[in-house]
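What follows is a single structure, written as structure tokens, with notes after it.
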Number of protein chains: 2
Amino acid sequence: MTKIAIALDAMGGDHGPKVIVPAALMVLQEYPELCLILVGDQTELQRELSAHHAKENERLIIQHASEQVAMDESPSQALRNKKDSSMRVAINMVKAGKAQACVSAGNTGALMAIARFVLKTLPGIDRPAILAKLPTMLPDNPVRVLDLGANVDSSPEHLFQFAVMGAVLAEAVDNIHAPKVGLLNIGEEEIKGNETVKRTAQLLADNTFVNYTGYVEGNVIFQGKVDVVVCDGFVGNVALKASEGVAKMVASYMKQAFRKNWLTKVIGLCALPILKQLGRKIDVDRYNGASLLGLRGIVIKSHGGANTKAFSNAIREAINEVNKNVPERISSKLDELLGEEAA
Amino acid sequence: MTKIAIALDAMGGDHGPKVIVPAALMVLQEYPELCLILVGDQTELQRELSAHHAKENERLIIQHASEQVAMDESPSQALRNKKDSSMRVAINMVKAGKAQACVSAGNTGALMAIARFVLKTLPGIDRPAILAKLPTMLPDNPVRVLDLGANVDSSPEHLFQFAVMGAVLAEAVDNIHAPKVGLLNIGEEEIKGNETVKRTAQLLADNTFVNYTGYVEGNVIFQGKVDVVVCDGFVGNVALKASEGVAKMVASYMKQAFRKNWLTKVIGLCALPILKQLGRKIDVDRYNGASLLGLRGIVIKSHGGANTKAFSNAIREAINEVNKNVPERISSKLDELLGEEAA
């Protein structure tokens with residue numbers, strides 16, 4: 001690894017520095033060439049470092065920022081009024097070339113609005129999209145889904161751009177050759193779906209840059225058959241959250257069932273290591289760190305409620321994207337595409 | 001219960017008469033005033049009845065139909081070419097007043113197209129919608145979600161009509177007073193969502209007929225906080241199938257975890273009754289039987305892969321809707337609404 005610096009919005013998320021500082025310390029041990037910049041309230045960050053018997057050094061720098069974007073603040077308000085927020089300052093550092101990536105667990109809408117305003121989109125990209133990696137039935141084949149809520153009412157051209165970005169990420173970061181790209185629809189037959197989906201399918205079928213494999217239904221997301229699933233941000237966000245909701249419901253009923261009486265409790269105790277192992281397999285923490293793709297810079301969004309382990313994975317995702325030059329690769333793929341169209 | 005007759009598309013679904021005939025026999029034992037009409041191939045149905053030591057009688061009638069709609073047939077083809085299909089004949093019986101409802105496990109698109117063509121929509125309803133009941137974290141509070149795929153690109157007016165129909169069903173069939181209706185969105189804040197959702201929210205907020213409680217996110221569907229969730233058919237279908245996909249993935253990993261070695265197998269065997277009980281709580285079979293709402297007649301769609309127990313629940317749903325006069329109730333609610341608008 002060449003020397004890289006990553007700016008962390010250290011005040012973001014439900015837990016702020018209490019989670020982000022120990023996550024930073026954990027990841028620094030793994031990557032000797034890494035420098036992390038903790039952006040946020042200097043006093044609070046120093047106190048948190050002390051609590052972990054750590055202090056500032058050349059690889060762990062505090063960059064003071066006097067404000068914070070609230071989790072429920074409107075993106076436009078955050079963009080206008082919070083010029084010295086930890087989120088804004090962290091993104092500014094990417095713009096200024098002082099950091100090669102930024103990681104935040106803060107307000108998604110504000111992060112997207114500020115990142116787009118400060119960094120701008122890549123040439124050929126109309127709108128950035130949010131991509132997350134999700135587990136599937138095949139443990140070695142996670143799936144990348146985009147967009148998960150950066151846009152609503154995406155046009156076929158936007159969805160096509162999402163497909164290109166998703167494929168580039170899968171190829172660059174996860175070394176998948178010619179990643180299989182599916183388009184989310186309500187049936188696998190050609191006649192199904194709305195006009196946007198049908199026109200997107202045409203664009204994808206006609207191109208030679210994306211390995212488009214056809215429509216996929218909601219349940220197919222988790223089967224591990226495709227590497228990338230493309231959809232509008234409204235649909236993707238609902239599907240993601242509905243999936244989380246079902247997983248929580250199953251877990252809640254399971255807890256109840258094992259707590260019913262002393263016998264079920266004993267059995268539950270015996271089954272606990274097995275269930276924990278199961279939990280690790282479909283571990284959302286492992287996949288924490290969604291990518292804001294299509295920007296002139298790398299921005300990673302951590303889940304707001306992330307714990308130390310989960311946030312550390314978001315930092316690792318940022319490191320991977322820096323090492324693989326994701327924005328440059330998307331940009332050069334788009335150049336090829338535009339060149340072909342012009343020819 | 002007054003005497004009622006229900007037509008069953010006995011050839012529909014993945015298993016046809018092998019599932020539908022025993023399900024019919026099961027439900028007939030529970031309702032002494034019920035008459036079921038098995039619509040389909042006479043020879044095959046008689047053979048299936050014999051296999052269950054049963055035969056035609058005044059409460060179990062065979063209505064011959066020479067054709068079948070294939071599960072992958074296009075709705076328009078089925079509508080044009082399959083005039084003597086078991087599905088079409090069953091719906092015709094509702095139209096002719098020979099049956100008060102029809103139940104089919106066949107091709108959803110074809111069922112919707114034929115039902116709409118034969119029965120027509122209720123006055124004031126532009127488009128029918130598919131509603132299904134789903135389990136939530138609160139065992140006594142299932143949630144009704146519509147539309148699940150009958151429509152794509154629904155307008156705010158359509159979504160408003162879905163809200164009215166869902167509320168009427170929850171009140172009539174499940175005796176919920178002033179059922180809470182939520183609108184599916186990608187955030188709970190007023191500023192979030194696409195234009196259609198925002199305008200629908202306005203229509204719902206302005207009305208006094210539906211107990212509208214605001215936006216709900218995908219995960220909230222399964223929390224049991226609202227009785228009805230309204231959404232466009234594209235979004236609803238993707239959310240439902242994504243949820244099924246996650247549930248299957250969890251079950252698959254759980255099986256693997258318990259099969260790992262002899263010790264985990266022994267623990268799995270002990271835990272089996274508990275896990276089965278858990279399965280019953282979030283039992284999709286229990287909720288089998290989606291309603292095609294907004295038609296001048298009752299049509300229930302069973303899951304294509306339904307087993308006997310699941311299909312019998314779809315028949316029970318039909319009986320409930322007949323007993324509660326669901327189409328008439330929707331119609332009279334719409335009359336009130338139109339009356340208020342005119343006043």
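Each chain of the structure tokens is named A, B, ... in the order shown, its residues numbered from 1; ligands are numbered from 1 in display order.
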Within 7 Å of chain B: each chain A residue with its shortest pair, only C-alpha atoms, as JSON lines:
{"residue": "A:Thr136", "atom": "CA", "partner": "B:Met249", "partner_atom": "CA", "distance": 6.9}
{"residue": "A:Met137", "atom": "CA", "partner": "B:Met249", "partner_atom": "CA", "distance": 5.3}
{"residue": "A:Val152", "atom": "CA", "partner": "B:Asn194", "partner_atom": "CA", "distance": 5.7}
{"residue": "A:Asp153", "atom": "CA", "partner": "B:Asn194", "partner_atom": "CA", "distance": 6.7}
{"residue": "A:Ile186", "atom": "CA", "partner": "B:Asn237", "partner_atom": "CA", "distance": 6.1}
{"residue": "A:Gly193", "atom": "CA", "partner": "B:Val152", "partner_atom": "CA", "distance": 6.9}
{"residue": "A:Asn194", "atom": "CA", "partner": "B:Val152", "partner_atom": "CA", "distance": 5.7}
{"residue": "A:Glu217", "atom": "CA", "partner": "B:Val238", "partner_atom": "CA", "distance": 6.7}
{"residue": "A:Gly218", "atom": "CA", "partner": "B:Ala242", "partner_atom": "CA", "distance": 4.1}
{"residue": "A:Asn219", "atom": "CA", "partner": "B:Gly245", "partner_atom": "CA", "distance": 4.0}
{"residue": "A:Val220", "atom": "CA", "partner": "B:Gly245", "partner_atom": "CA", "distance": 6.8}
{"residue": "A:Ile221", "atom": "CA", "partner": "B:Ala242", "partner_atom": "CA", "distance": 7.0}
{"residue": "A:Phe222", "atom": "CA", "partner": "B:Gly245", "partner_atom": "CA", "distance": 5.8}
{"residue": "A:Phe234", "atom": "CA", "partner": "B:Ile186", "partner_atom": "CA", "distance": 6.2}
{"residue": "A:Val235", "atom": "CA", "partner": "B:Val235", "partner_atom": "CA", "distance": 5.5}
{"residue": "A:Asn237", "atom": "CA", "partner": "B:Ile186", "partner_atom": "CA", "distance": 6.1}
{"residue": "A:Val238", "atom": "CA", "partner": "B:Gly218", "partner_atom": "CA", "distance": 4.7}
{"residue": "A:Ala239", "atom": "CA", "partner": "B:Ala239", "partner_atom": "CA", "distance": 4.6}
{"residue": "A:Lys241", "atom": "CA", "partner": "B:Gly218", "partner_atom": "CA", "distance": 4.6}
{"residue": "A:Ala242", "atom": "CA", "partner": "B:Gly218", "partner_atom": "CA", "distance": 4.2}
{"residue": "A:Ser243", "atom": "CA", "partner": "B:Ser243", "partner_atom": "CA", "distance": 4.9}
{"residue": "A:Glu244", "atom": "CA", "partner": "B:Asn219", "partner_atom": "CA", "distance": 6.1}
{"residue": "A:Gly245", "atom": "CA", "partner": "B:Asn219", "partner_atom": "CA", "distance": 4.0}
{"residue": "A:Val246", "atom": "CA", "partner": "B:Ser243", "partner_atom": "CA", "distance": 6.0}
{"residue": "A:Ala247", "atom": "CA", "partner": "B:Ala247", "partner_atom": "CA", "distance": 6.9}
{"residue": "A:Met249", "atom": "CA", "partner": "B:Met137", "partner_atom": "CA", "distance": 5.3}
{"residue": "A:Tyr253", "atom": "CA", "partner": "B:Leu278", "partner_atom": "CA", "distance": 6.2}
{"residue": "A:Met254", "atom": "CA", "partner": "B:Leu278", "partner_atom": "CA", "distance": 6.2}
{"residue": "A:Ala257", "atom": "CA", "partner": "B:Ile274", "partner_atom": "CA", "distance": 6.0}
{"residue": "A:Phe258", "atom": "CA", "partner": "B:Ile274", "partner_atom": "CA", "distance": 6.8}
{"residue": "A:Ile267", "atom": "CA", "partner": "B:Ala271", "partner_atom": "CA", "distance": 6.1}
{"residue": "A:Cys270", "atom": "CA", "partner": "B:Ile267", "partner_atom": "CA", "distance": 6.6}
{"residue": "A:Ala271", "atom": "CA", "partner": "B:Ile267", "partner_atom": "CA", "distance": 6.1}
{"residue": "A:Ile274", "atom": "CA", "partner": "B:Ala257", "partner_atom": "CA", "distance": 6.0}
{"residue": "A:Leu278", "atom": "CA", "partner": "B:Tyr253", "partner_atom": "CA", "distance": 6.2}
Next, the residues of the selection above should be written as a short mmCIF file (atom, residue, chain, number, x, y, z; two decimals), in the first residue's frame with N, CA and C atoms.
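And here is the file that came out, selection24.cif:
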data_model
loop_
_atom_site.label_atom_id
_atom_site.label_comp_id
_atom_site.auth_asym_id
_atom_site.auth_seq_id
_atom_site.Cartn_x
_atom_site.Cartn_y
_atom_site.Cartn_z
N THR A 136 -25.46 -12.87 0.42
CA THR A 136 -26.40 -13.72 -0.32
C THR A 136 -26.31 -15.14 0.22
N MET A 137 -27.12 -16.03 -0.35
CA MET A 137 -27.11 -17.44 0.04
C MET A 137 -25.77 -18.10 -0.20
N VAL A 152 -34.56 9.59 -6.45
CA VAL A 152 -35.87 9.01 -6.72
C VAL A 152 -36.21 9.44 -8.14
N ASP A 153 -37.03 8.63 -8.82
CA ASP A 153 -37.40 8.92 -10.20
C ASP A 153 -36.18 8.98 -11.13
N ILE A 186 -40.27 -6.56 -11.53
CA ILE A 186 -41.29 -7.34 -10.83
C ILE A 186 -41.58 -8.67 -11.52
N GLY A 193 -42.96 -4.95 -15.98
CA GLY A 193 -42.25 -3.78 -15.51
C GLY A 193 -42.81 -2.48 -16.03
N ASN A 194 -42.26 -1.39 -15.51
CA ASN A 194 -42.71 -0.08 -15.96
C ASN A 194 -41.85 0.40 -17.15
N GLU A 217 -35.82 -10.47 -9.96
CA GLU A 217 -36.89 -10.12 -9.02
C GLU A 217 -36.30 -9.90 -7.63
N GLY A 218 -37.10 -9.34 -6.73
CA GLY A 218 -36.63 -8.99 -5.39
C GLY A 218 -35.95 -10.14 -4.66
N ASN A 219 -36.51 -11.34 -4.76
CA ASN A 219 -35.93 -12.48 -4.03
C ASN A 219 -34.57 -12.90 -4.60
N VAL A 220 -34.33 -12.59 -5.88
CA VAL A 220 -33.09 -13.01 -6.54
C VAL A 220 -31.89 -12.21 -6.02
N ILE A 221 -32.16 -11.01 -5.47
CA ILE A 221 -31.07 -10.20 -4.90
C ILE A 221 -30.19 -11.06 -3.99
N PHE A 222 -30.85 -11.91 -3.17
CA PHE A 222 -30.13 -12.65 -2.13
C PHE A 222 -29.72 -14.06 -2.54
N PHE A 234 -35.57 4.85 -4.84
CA PHE A 234 -36.78 4.66 -4.03
C PHE A 234 -37.01 3.17 -3.80
N VAL A 235 -36.98 2.42 -4.91
CA VAL A 235 -37.21 0.97 -4.85
C VAL A 235 -36.10 0.29 -4.05
N ASN A 237 -34.10 1.53 -1.73
CA ASN A 237 -34.16 1.87 -0.32
C ASN A 237 -35.26 1.07 0.39
N VAL A 238 -36.44 1.00 -0.23
CA VAL A 238 -37.54 0.24 0.36
C VAL A 238 -37.18 -1.24 0.47
N ALA A 239 -36.59 -1.80 -0.60
CA ALA A 239 -36.22 -3.22 -0.58
C ALA A 239 -35.20 -3.51 0.52
N LYS A 241 -34.60 -1.76 3.30
CA LYS A 241 -35.17 -1.61 4.65
C LYS A 241 -36.20 -2.70 4.95
N ALA A 242 -36.97 -3.12 3.95
CA ALA A 242 -37.92 -4.21 4.17
C ALA A 242 -37.15 -5.48 4.54
N SER A 243 -36.02 -5.70 3.87
CA SER A 243 -35.20 -6.87 4.16
C SER A 243 -34.66 -6.82 5.59
N GLU A 244 -34.20 -5.64 6.00
CA GLU A 244 -33.73 -5.48 7.38
C GLU A 244 -34.87 -5.76 8.35
N GLY A 245 -36.07 -5.27 8.00
CA GLY A 245 -37.24 -5.45 8.86
C GLY A 245 -37.58 -6.92 9.06
N VAL A 246 -37.53 -7.69 7.99
CA VAL A 246 -37.83 -9.12 8.08
C VAL A 246 -36.79 -9.84 8.92
N ALA A 247 -35.51 -9.51 8.68
CA ALA A 247 -34.44 -10.15 9.44
C ALA A 247 -34.61 -9.88 10.94
N MET A 249 -37.45 -9.19 12.46
CA MET A 249 -38.64 -9.90 12.92
C MET A 249 -38.31 -11.36 13.22
N TYR A 253 -38.61 -13.16 16.94
CA TYR A 253 -39.41 -14.36 17.23
C TYR A 253 -38.54 -15.50 17.73
N MET A 254 -37.30 -15.56 17.21
CA MET A 254 -36.42 -16.63 17.65
C MET A 254 -36.07 -16.45 19.13
N ALA A 257 -38.98 -17.48 21.23
CA ALA A 257 -39.20 -18.92 21.24
C ALA A 257 -38.24 -19.62 22.20
N PHE A 258 -36.97 -19.14 22.21
CA PHE A 258 -35.98 -19.78 23.08
C PHE A 258 -36.13 -19.35 24.54
N ILE A 267 -31.89 -25.33 25.79
CA ILE A 267 -31.62 -25.65 24.38
C ILE A 267 -31.05 -24.42 23.67
N CYS A 270 -27.43 -24.02 24.39
CA CYS A 270 -26.61 -24.95 23.60
C CYS A 270 -26.52 -24.49 22.14
N ALA A 271 -27.63 -23.93 21.64
CA ALA A 271 -27.67 -23.55 20.22
C ALA A 271 -27.00 -22.21 19.97
N ILE A 274 -24.01 -21.81 17.64
CA ILE A 274 -24.40 -22.10 16.25
C ILE A 274 -25.14 -20.89 15.67
N LEU A 278 -24.15 -18.37 12.60
CA LEU A 278 -25.12 -17.99 11.57
C LEU A 278 -25.18 -16.48 11.42
#
Tell me, as a compact mmCIF listing (two decimals) with N, CA, C and O atoms, in the first residue's frame, which residues lie within 6 Å of segment 84-90 of chain A, counting only C-alpha atoms; anything in the same chain fewer than 3 positions away does not count.
# COMPACT_ATOMS: atom_id res chain seq x y z
N ALA A 7 -10.00 11.01 5.75
CA ALA A 7 -10.64 11.90 6.72
C ALA A 7 -11.90 11.23 7.28
O ALA A 7 -12.74 10.77 6.51
N ASP A 9 -15.32 11.70 9.51
CA ASP A 9 -16.28 12.59 10.17
C ASP A 9 -16.49 12.01 11.57
O ASP A 9 -17.38 11.19 11.79
N VAL A 39 -11.90 14.31 12.19
CA VAL A 39 -12.44 15.66 12.04
C VAL A 39 -13.59 15.86 13.03
O VAL A 39 -14.55 15.09 13.05
N GLY A 40 -13.47 16.90 13.89
CA GLY A 40 -14.53 17.15 14.86
C GLY A 40 -14.04 18.00 16.01
O GLY A 40 -12.99 18.64 15.92
N ALA A 65 -13.28 20.91 13.97
CA ALA A 65 -14.46 21.44 13.28
C ALA A 65 -15.46 21.78 14.37
O ALA A 65 -15.69 20.99 15.29
N SER A 66 -16.02 22.98 14.30
CA SER A 66 -16.81 23.48 15.45
C SER A 66 -18.27 23.04 15.43
O SER A 66 -18.97 23.16 16.43
N GLU A 67 -18.75 22.56 14.29
CA GLU A 67 -20.18 22.22 14.20
C GLU A 67 -20.39 20.74 13.88
O GLU A 67 -19.46 20.03 13.55
N GLN A 68 -21.68 20.36 13.94
CA GLN A 68 -22.07 18.99 13.61
C GLN A 68 -23.35 19.04 12.81
O GLN A 68 -24.23 19.86 13.10
N MET A 93 -11.50 18.27 2.85
CA MET A 93 -10.13 17.75 2.83
C MET A 93 -9.89 16.86 1.62
O MET A 93 -8.78 16.81 1.08
Could you tell me, as a PDB file with all heavy atoms, in the first residue's frame, which residues of segment 113-153 of chain B DSSP assigns to strand (DSSP E) when given the backbone?
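Contents of the output file result_26.pdb:
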ATOM      1  N   ALA B 129     -56.227  -3.504  -7.240  1.00  0.00           N
ATOM      2  CA  ALA B 129     -54.915  -3.666  -6.604  1.00  0.00           C
ATOM      3  C   ALA B 129     -54.864  -5.022  -5.920  1.00  0.00           C
ATOM      4  O   ALA B 129     -55.902  -5.603  -5.598  1.00  0.00           O
ATOM      5  CB  ALA B 129     -54.686  -2.555  -5.575  1.00  0.00           C
ATOM      6  N   ILE B 130     -53.649  -5.511  -5.710  1.00  0.00           N
ATOM      7  CA  ILE B 130     -53.472  -6.779  -5.000  1.00  0.00           C
ATOM      8  C   ILE B 130     -53.048  -6.483  -3.563  1.00  0.00           C
ATOM      9  O   ILE B 130     -52.085  -5.760  -3.337  1.00  0.00           O
ATOM     10  CB  ILE B 130     -52.401  -7.656  -5.678  1.00  0.00           C
ATOM     11  CG1 ILE B 130     -52.804  -7.953  -7.135  1.00  0.00           C
ATOM     12  CG2 ILE B 130     -52.197  -8.955  -4.910  1.00  0.00           C
ATOM     13  CD1 ILE B 130     -51.748  -8.729  -7.919  1.00  0.00           C
ATOM     14  N   LEU B 131     -53.817  -7.041  -2.613  1.00  0.00           N
ATOM     15  CA  LEU B 131     -53.516  -6.842  -1.193  1.00  0.00           C
ATOM     16  C   LEU B 131     -53.182  -8.181  -0.544  1.00  0.00           C
ATOM     17  O   LEU B 131     -53.892  -9.159  -0.759  1.00  0.00           O
ATOM     18  CB  LEU B 131     -54.719  -6.217  -0.491  1.00  0.00           C
ATOM     19  CG  LEU B 131     -54.626  -6.046   1.038  1.00  0.00           C
ATOM     20  CD1 LEU B 131     -55.393  -4.791   1.483  1.00  0.00           C
ATOM     21  CD2 LEU B 131     -55.159  -7.256   1.805  1.00  0.00           C
ATOM     22  N   ALA B 132     -52.124  -8.210   0.243  1.00  0.00           N
ATOM     23  CA  ALA B 132     -51.830  -9.418   1.019  1.00  0.00           C
ATOM     24  C   ALA B 132     -51.603  -9.050   2.465  1.00  0.00           C
ATOM     25  O   ALA B 132     -51.211  -7.924   2.783  1.00  0.00           O
ATOM     26  CB  ALA B 132     -50.608 -10.142   0.463  1.00  0.00           C
ATOM     27  N   LYS B 133     -51.891 -10.005   3.340  1.00  0.00           N
ATOM     28  CA  LYS B 133     -51.654  -9.820   4.760  1.00  0.00           C
ATOM     29  C   LYS B 133     -50.298 -10.441   5.072  1.00  0.00           C
ATOM     30  O   LYS B 133     -50.003 -11.545   4.630  1.00  0.00           O
ATOM     31  CB  LYS B 133     -52.752 -10.556   5.526  1.00  0.00           C
ATOM     32  CG  LYS B 133     -53.293  -9.825   6.723  1.00  0.00           C
ATOM     33  CD  LYS B 133     -54.150 -10.728   7.549  1.00  0.00           C
ATOM     34  CE  LYS B 133     -55.618 -10.632   7.245  1.00  0.00           C
ATOM     35  NZ  LYS B 133     -56.432 -11.398   8.223  1.00  0.00           N
ATOM     36  N   LEU B 134     -49.474  -9.725   5.827  1.00  0.00           N
ATOM     37  CA  LEU B 134     -48.144 -10.234   6.169  1.00  0.00           C
ATOM     38  C   LEU B 134     -47.963 -10.234   7.682  1.00  0.00           C
ATOM     39  O   LEU B 134     -48.558  -9.419   8.381  1.00  0.00           O
ATOM     40  CB  LEU B 134     -47.058  -9.344   5.542  1.00  0.00           C
ATOM     41  CG  LEU B 134     -47.091  -9.153   4.023  1.00  0.00           C
ATOM     42  CD1 LEU B 134     -46.004  -8.175   3.594  1.00  0.00           C
ATOM     43  CD2 LEU B 134     -46.914 -10.473   3.303  1.00  0.00           C
ATOM     44  N   VAL B 143     -50.107  -7.076   9.021  1.00  0.00           N
ATOM     45  CA  VAL B 143     -50.223  -5.844   8.254  1.00  0.00           C
ATOM     46  C   VAL B 143     -50.728  -6.187   6.851  1.00  0.00           C
ATOM     47  O   VAL B 143     -50.427  -7.256   6.328  1.00  0.00           O
ATOM     48  CB  VAL B 143     -48.859  -5.103   8.196  1.00  0.00           C
ATOM     49  CG1 VAL B 143     -47.795  -5.934   7.489  1.00  0.00           C
ATOM     50  CG2 VAL B 143     -48.988  -3.743   7.522  1.00  0.00           C
ATOM     51  N   ARG B 144     -51.553  -5.305   6.295  1.00  0.00           N
ATOM     52  CA  ARG B 144     -52.051  -5.493   4.926  1.00  0.00           C
ATOM     53  C   ARG B 144     -51.278  -4.538   4.027  1.00  0.00           C
ATOM     54  O   ARG B 144     -51.217  -3.342   4.328  1.00  0.00           O
ATOM     55  CB  ARG B 144     -53.547  -5.155   4.848  1.00  0.00           C
ATOM     56  CG  ARG B 144     -54.424  -6.144   5.578  1.00  0.00           C
ATOM     57  CD  ARG B 144     -55.504  -5.489   6.400  1.00  0.00           C
ATOM     58  NE  ARG B 144     -55.839  -6.316   7.546  1.00  0.00           N
ATOM     59  CZ  ARG B 144     -55.236  -6.235   8.744  1.00  0.00           C
ATOM     60  NH1 ARG B 144     -54.303  -5.335   8.985  1.00  0.00           N
ATOM     61  NH2 ARG B 144     -55.579  -7.047   9.711  1.00  0.00           N
ATOM     62  N   VAL B 145     -50.697  -5.067   2.968  1.00  0.00           N
ATOM     63  CA  VAL B 145     -49.915  -4.239   2.049  1.00  0.00           C
ATOM     64  C   VAL B 145     -50.553  -4.279   0.664  1.00  0.00           C
ATOM     65  O   VAL B 145     -50.915  -5.344   0.176  1.00  0.00           O
ATOM     66  CB  VAL B 145     -48.454  -4.730   1.963  1.00  0.00           C
ATOM     67  CG1 VAL B 145     -47.620  -3.792   1.090  1.00  0.00           C
ATOM     68  CG2 VAL B 145     -47.831  -4.839   3.345  1.00  0.00           C
ATOM     69  N   LEU B 146     -50.736  -3.111   0.062  1.00  0.00           N
ATOM     70  CA  LEU B 146     -51.221  -3.044  -1.317  1.00  0.00           C
ATOM     71  C   LEU B 146     -50.663  -1.789  -1.979  1.00  0.00           C
ATOM     72  O   LEU B 146     -50.418  -0.825  -1.288  1.00  0.00           O
ATOM     73  CB  LEU B 146     -52.751  -3.071  -1.387  1.00  0.00           C
ATOM     74  CG  LEU B 146     -53.589  -1.812  -1.097  1.00  0.00           C
ATOM     75  CD1 LEU B 146     -55.004  -2.041  -1.557  1.00  0.00           C
ATOM     76  CD2 LEU B 146     -53.518  -1.368   0.346  1.00  0.00           C
TER      77      LEU B 146
END
### Message
Which of segment 152-336 of chain A end up as helix (DSSP H, G or I) when DSSP is run on this backbone - answer as a PyMOL selection string?
### Response
chain A and resi 156-174+195-206+218-223+233-258+262-281+285-287+308-323+326-336
Do you know which residues are at most 10 Å from Lys309 of chain A counting only C-alpha atoms, after dropping those on the same chain fewer than 6 positions away, and could you put them as a tab-separated table (two decimals) with N, CA and C atoms, in the first residue's frame?
chain	number	residue	atom	x	y	z
A	19	VAL	N	-17.36	5.52	19.07
A	19	VAL	CA	-17.20	4.39	18.16
A	19	VAL	C	-16.09	4.67	17.16
A	20	ILE	N	-16.01	5.91	16.72
A	20	ILE	CA	-15.12	6.22	15.58
A	20	ILE	C	-13.65	6.23	15.99
A	22	PRO	N	-12.07	4.46	18.58
A	22	PRO	CA	-11.51	3.10	18.68
A	22	PRO	C	-11.43	2.38	17.33
A	23	ALA	N	-12.40	2.66	16.42
A	23	ALA	CA	-12.34	2.03	15.09
A	23	ALA	C	-11.10	2.50	14.35
A	26	MET	N	-8.02	0.82	15.69
A	26	MET	CA	-7.97	-0.58	15.25
A	26	MET	C	-7.40	-0.69	13.83
A	27	VAL	N	-7.92	0.15	12.93
A	27	VAL	CA	-7.52	0.04	11.52
A	27	VAL	C	-6.07	0.51	11.33
A	285	ASP	N	-22.60	-6.01	9.80
A	285	ASP	CA	-21.43	-5.22	10.17
A	285	ASP	C	-20.30	-5.43	9.17
A	286	ARG	N	-20.17	-6.70	8.73
A	286	ARG	CA	-19.11	-7.06	7.80
A	286	ARG	C	-19.25	-6.27	6.50
A	288	ASN	N	-20.66	-3.25	6.29
A	288	ASN	CA	-20.89	-1.83	6.53
A	288	ASN	C	-19.93	-0.98	5.68
### Task
May I have the residues within 12 Å of Val103 of chain A as a ChimeraX atom specification, using only C-alpha atoms and disregarding those fewer than 6 positions away in the same chain?
/A:5-13,20,23-24,36-39,86-91,93-94,111-112,115,288-292,297-304,311-319,321
### All residues 8 Å or closer to Glu56 of chain A, only C-alpha atoms, same chain fewer than 6 positions away omitted, as a list in words
Gln46, Leu49 and Ile62 of chain A
### Query
Any idea what's packed within 10 Å of segment 328-330 of chain A, counting only C-alpha atoms, ignoring anything in its chain fewer than 4 positions away? Could you give it as a PyMOL selection string?
chain A and resi 122-125+161+164-169+171-172+293-297+322+324+334-335
The selected residues should be written to file as a compact mmCIF listing (two decimals), in the first residue's frame (atoms: C-alpha atoms).
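Saved file again.txt follows:
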# COMPACT_ATOMS: atom_id res chain seq x y z
CA LEU A 122 -17.62 12.86 -12.71
CA PRO A 123 -17.94 13.88 -16.39
CA GLY A 124 -20.70 11.73 -17.93
CA ILE A 125 -22.43 11.13 -14.59
CA GLN A 161 -24.88 4.97 -15.51
CA VAL A 164 -21.60 1.05 -15.31
CA MET A 165 -20.51 2.34 -11.89
CA GLY A 166 -21.59 -0.86 -10.10
CA ALA A 167 -19.76 -3.03 -12.60
CA VAL A 168 -16.58 -0.96 -12.33
CA LEU A 169 -16.64 -1.20 -8.53
CA GLU A 171 -14.38 -5.47 -11.00
CA ALA A 172 -11.91 -3.05 -9.38
CA LEU A 293 -20.39 6.57 -6.47
CA GLY A 294 -20.11 9.01 -9.35
CA LEU A 295 -18.28 11.77 -7.45
CA ARG A 296 -14.82 13.23 -8.08
CA GLY A 297 -13.60 11.69 -4.87
CA VAL A 322 -8.39 4.46 -2.78
CA LYS A 324 -8.07 0.67 -6.67
CA LEU A 334 -17.26 6.50 -19.18
CA ASP A 335 -14.69 8.03 -21.55
### Task
Skip Val210 of chain B itself and residues of its chain fewer than 5 positions away, then list as JSON, numbers by chain all residues within 8 Å of it, counting only C-alpha atoms.
{"B": [163, 164, 167, 178, 179, 180, 181, 204]}
Please produce a file of those selected residues containing N, CA and C atoms, as a short mmCIF file (atom, residue, chain, number, x, y, z; two decimals), in the first residue's frame.
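See part_13.cif below for the written result:
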data_model
loop_
_atom_site.label_atom_id
_atom_site.label_comp_id
_atom_site.auth_asym_id
_atom_site.auth_seq_id
_atom_site.Cartn_x
_atom_site.Cartn_y
_atom_site.Cartn_z
N ALA B 163 -55.63 3.12 -0.63
CA ALA B 163 -55.72 3.37 0.81
C ALA B 163 -57.15 3.12 1.30
N VAL B 164 -58.11 3.62 0.54
CA VAL B 164 -59.53 3.43 0.91
C VAL B 164 -59.86 1.94 0.93
N ALA B 167 -58.21 0.07 3.85
CA ALA B 167 -58.85 0.40 5.13
C ALA B 167 -60.19 -0.31 5.27
N ALA B 178 -61.16 2.00 12.66
CA ALA B 178 -60.32 3.07 12.12
C ALA B 178 -58.88 2.61 11.89
N PRO B 179 -58.69 1.62 11.04
CA PRO B 179 -57.34 1.06 10.83
C PRO B 179 -56.32 2.13 10.45
N LYS B 180 -55.14 2.01 11.01
CA LYS B 180 -54.06 2.97 10.74
C LYS B 180 -53.44 2.68 9.37
N VAL B 181 -53.42 3.71 8.52
CA VAL B 181 -52.91 3.55 7.16
C VAL B 181 -51.62 4.35 7.01
N LEU B 204 -54.14 12.16 1.30
CA LEU B 204 -54.51 11.37 2.47
C LEU B 204 -54.67 12.25 3.70
#
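Atom CA of Asn141 of chain B is found 7.3 Å from atom CA of Asp227 of chain B.
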